[in-house]
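Reviewing the structure listed below.
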Amino acid sequence: MDGLKKTIIRGGLETLYFSAAHHVMRPFVGGVGVILTLHHVRPPRPDRFQPNRLLEVTPGFLDDVVRSLRRSRADLVSLDEMHRRLTNGKARRRFVCVTIDDGYRDTLQWAYPILKKYEVPFAVYIPTSFPDRLGELWWLALEAVVARNKRIQLLVDGKERSFDCASVEDKRHLFEELYGWVRSFKTEDELRRVVRDLCGRYQVDVTAFCEELCMSWDELTRLAADPLVTIGAHTVNHVMLAKVPEKVARSEMEMSRSVIEAALGTRPQHLSYPVGDPTSAGPREFRIAAELGFKTGVTTRPGVIFPEHRKHLMALPRISLNGEHQQLRYARVLISGAATAVWNGFRRVNAA
Ligand SMILES: [Zn+2]
């Protein structure tokens with residue numbers, strides 16, 4: 001995320017917090033609850049080049065947020081309980097549902113002890129190729145290519161081009177360019193081809209990140225044994241479903257559920273769309289998820305849950321605890337629904 005965008009977001013959160021507008025707005029914008037998104041939870045690292053840092057928060061920050069939620073009037077609930085409340089319940093209190101994507105080992109090592117301490121139910125969404133050690137965490141591979149080299153050459157539109165990335169500043173800039181470029185591709189295949197090509201040229205083992213960072217099936221089995229934990233599906237190959245043919249999208253969702261059921265003995269009822277923004281999951285994916293019988297599908301579209309989402313259970317928004325904004329007061333404004341109401345122009349449902 002570029003500096004200006006960060007400043008604007010922070011400015012907005014500060015304004016909402018210090019004006020106390022989020023308290024005033026809450027009855028109108030808070031909805032019935034909120035689903036929180038986490039990725040990595042781990043101690044901060046000293047490296048200056050951390051382009052994927054928005055995907056990680058520290059254990060201390062998570063502890064602060066959870067403690068604050070436990071003291072608040074919100075109910076911390078599982079996905080099943082959230083689904084029950086949305087479909088037939090009339091709960092008096094607002095709910096908060098904690099979800100963690102991708103199944104990193106730090107979920108077990110850092111997030112789990114904190115959530116366990118406060119007895120918080122939570123869901124972990126697993127792309128099955130990660131514990132199978134075949135997955136491509138391509139955004140980390142891209143980071144590694146840029147981090148480990150001073151100069152990068154690659155084919156852009158059939159032409160060989162060269163980029164300097166010796167300084168941290170150049171690395172940040174180049175990563176942002178490369179990331180934006182590969183995300184703009186129409187197909188997932190194209191993105192994977194470019195990343196594999198870069199990894200081949202610069203000796204980055206794209207599948208090594210699974211072993212290094214993600215839980216094994218044994219570790220998942222241990223985690224899943226706790227009744228606090230719900231294991232959800234997150235496809236097989238962590239693909240942006242809207243960028244693959246319908247048959248592939250369907251089998252990615254269906255297969256991941258079967259593989260998890262075979263490995264852990266429970267059939268996932270809940271789905272998280274990889275990446276999860278409108279370019280990765282749209283009406284076609286919501287329809288397929290419903291046809292496959294999932295109870296809920298979560299996106300990364302920002303927002304809180306309103307009663308209207310009862311009719312859009314496959315297109316639920318979430319609130320991400322972003323590593324770039326690790327302040328309890330920002331988290332409070334986000335969880336209140338005030339910030340996303342402003343960002344979404346007060347529109348409650350976005351399932352298009
Ligand atoms: Zn993911």
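Starting from 1 in every chain, residues are counted up; chains themselves are A, B, ... following the order of the structure tokens, and ligands are numbered from 1 as listed.
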Sorted by chain and rising residue number, which residues of chain A lie within 10 Å of ligand 1, and what are their closest atom pairs and distances in Å to one decimal, counting only C-alpha atoms and all ligand atoms, as JSON lines?
```
{"residue": "A:Leu38", "atom": "CA", "partner": "ligand 1", "partner_atom_place_in_ligand_line": "1 (Zn)", "distance": 9.8}
{"residue": "A:His39", "atom": "CA", "partner": "ligand 1", "partner_atom_place_in_ligand_line": "1 (Zn)", "distance": 7.7}
{"residue": "A:Leu55", "atom": "CA", "partner": "ligand 1", "partner_atom_place_in_ligand_line": "1 (Zn)", "distance": 10.0}
{"residue": "A:Ile100", "atom": "CA", "partner": "ligand 1", "partner_atom_place_in_ligand_line": "1 (Zn)", "distance": 8.8}
{"residue": "A:Asp101", "atom": "CA", "partner": "ligand 1", "partner_atom_place_in_ligand_line": "1 (Zn)", "distance": 5.1}
{"residue": "A:Asp102", "atom": "CA", "partner": "ligand 1", "partner_atom_place_in_ligand_line": "1 (Zn)", "distance": 4.8}
{"residue": "A:Gly103", "atom": "CA", "partner": "ligand 1", "partner_atom_place_in_ligand_line": "1 (Zn)", "distance": 8.6}
{"residue": "A:Tyr125", "atom": "CA", "partner": "ligand 1", "partner_atom_place_in_ligand_line": "1 (Zn)", "distance": 7.7}
{"residue": "A:Ile126", "atom": "CA", "partner": "ligand 1", "partner_atom_place_in_ligand_line": "1 (Zn)", "distance": 8.0}
{"residue": "A:Pro127", "atom": "CA", "partner": "ligand 1", "partner_atom_place_in_ligand_line": "1 (Zn)", "distance": 7.4}
{"residue": "A:Leu137", "atom": "CA", "partner": "ligand 1", "partner_atom_place_in_ligand_line": "1 (Zn)", "distance": 9.2}
{"residue": "A:His234", "atom": "CA", "partner": "ligand 1", "partner_atom_place_in_ligand_line": "1 (Zn)", "distance": 6.8}
{"residue": "A:Thr235", "atom": "CA", "partner": "ligand 1", "partner_atom_place_in_ligand_line": "1 (Zn)", "distance": 9.1}
{"residue": "A:Asn237", "atom": "CA", "partner": "ligand 1", "partner_atom_place_in_ligand_line": "1 (Zn)", "distance": 9.8}
{"residue": "A:His238", "atom": "CA", "partner": "ligand 1", "partner_atom_place_in_ligand_line": "1 (Zn)", "distance": 6.3}
{"residue": "A:Val239", "atom": "CA", "partner": "ligand 1", "partner_atom_place_in_ligand_line": "1 (Zn)", "distance": 8.8}
{"residue": "A:Met240", "atom": "CA", "partner": "ligand 1", "partner_atom_place_in_ligand_line": "1 (Zn)", "distance": 9.5}
{"residue": "A:Ser272", "atom": "CA", "partner": "ligand 1", "partner_atom_place_in_ligand_line": "1 (Zn)", "distance": 7.7}
{"residue": "A:Tyr273", "atom": "CA", "partner": "ligand 1", "partner_atom_place_in_ligand_line": "1 (Zn)", "distance": 7.4}
{"residue": "A:Pro274", "atom": "CA", "partner": "ligand 1", "partner_atom_place_in_ligand_line": "1 (Zn)", "distance": 4.5}
{"residue": "A:Val275", "atom": "CA", "partner": "ligand 1", "partner_atom_place_in_ligand_line": "1 (Zn)", "distance": 5.6}
{"residue": "A:Gly276", "atom": "CA", "partner": "ligand 1", "partner_atom_place_in_ligand_line": "1 (Zn)", "distance": 7.9}
{"residue": "A:Thr300", "atom": "CA", "partner": "ligand 1", "partner_atom_place_in_ligand_line": "1 (Zn)", "distance": 9.7}
```
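The environment of segment 115-124 of chain A within 8 Å, counting only C-alpha atoms and disregarding residues fewer than 6 places along the same chain, consists of Val66, Arg67, Arg70, Leu76, Val77, Ser78, Leu79, Cys97, Val98, Thr99, Ile100, Asp101, Asp102, Gly103, Pro227, Leu228, Val229, Thr230, Ile231 and Gly232 of chain A.
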Using only C-alpha atoms, determine which residues lie at most 7 Å from Val204 of chain A, disregarding the query and same-chain residues fewer than 4 positions distant; provide the list as a count of residues only.
4
Mind listing the alpha helix (DSSP H) residues of segment 236-287 of chain A, per DSSP on the backbone, as a ChimeraX atom specification?
/A:246-264,283-287
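Coordinates place atom CA of Glu188 of chain A at a distance of 23.8 Å from atom CA of Ser162 of chain A.
Note that DSSP on the backbone gives strand (DSSP E or B) to these residues of segment 177-283 of chain A: Cys214, Val229, Thr230, Ile231, Gly232, Ala233, His270, Leu271 and Ser272 of chain A.
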Would you mind reading off the distance between atom CA of Phe61 of chain A and atom CA of Leu13 of chain A, one decimal, in Å?
16.9 Å
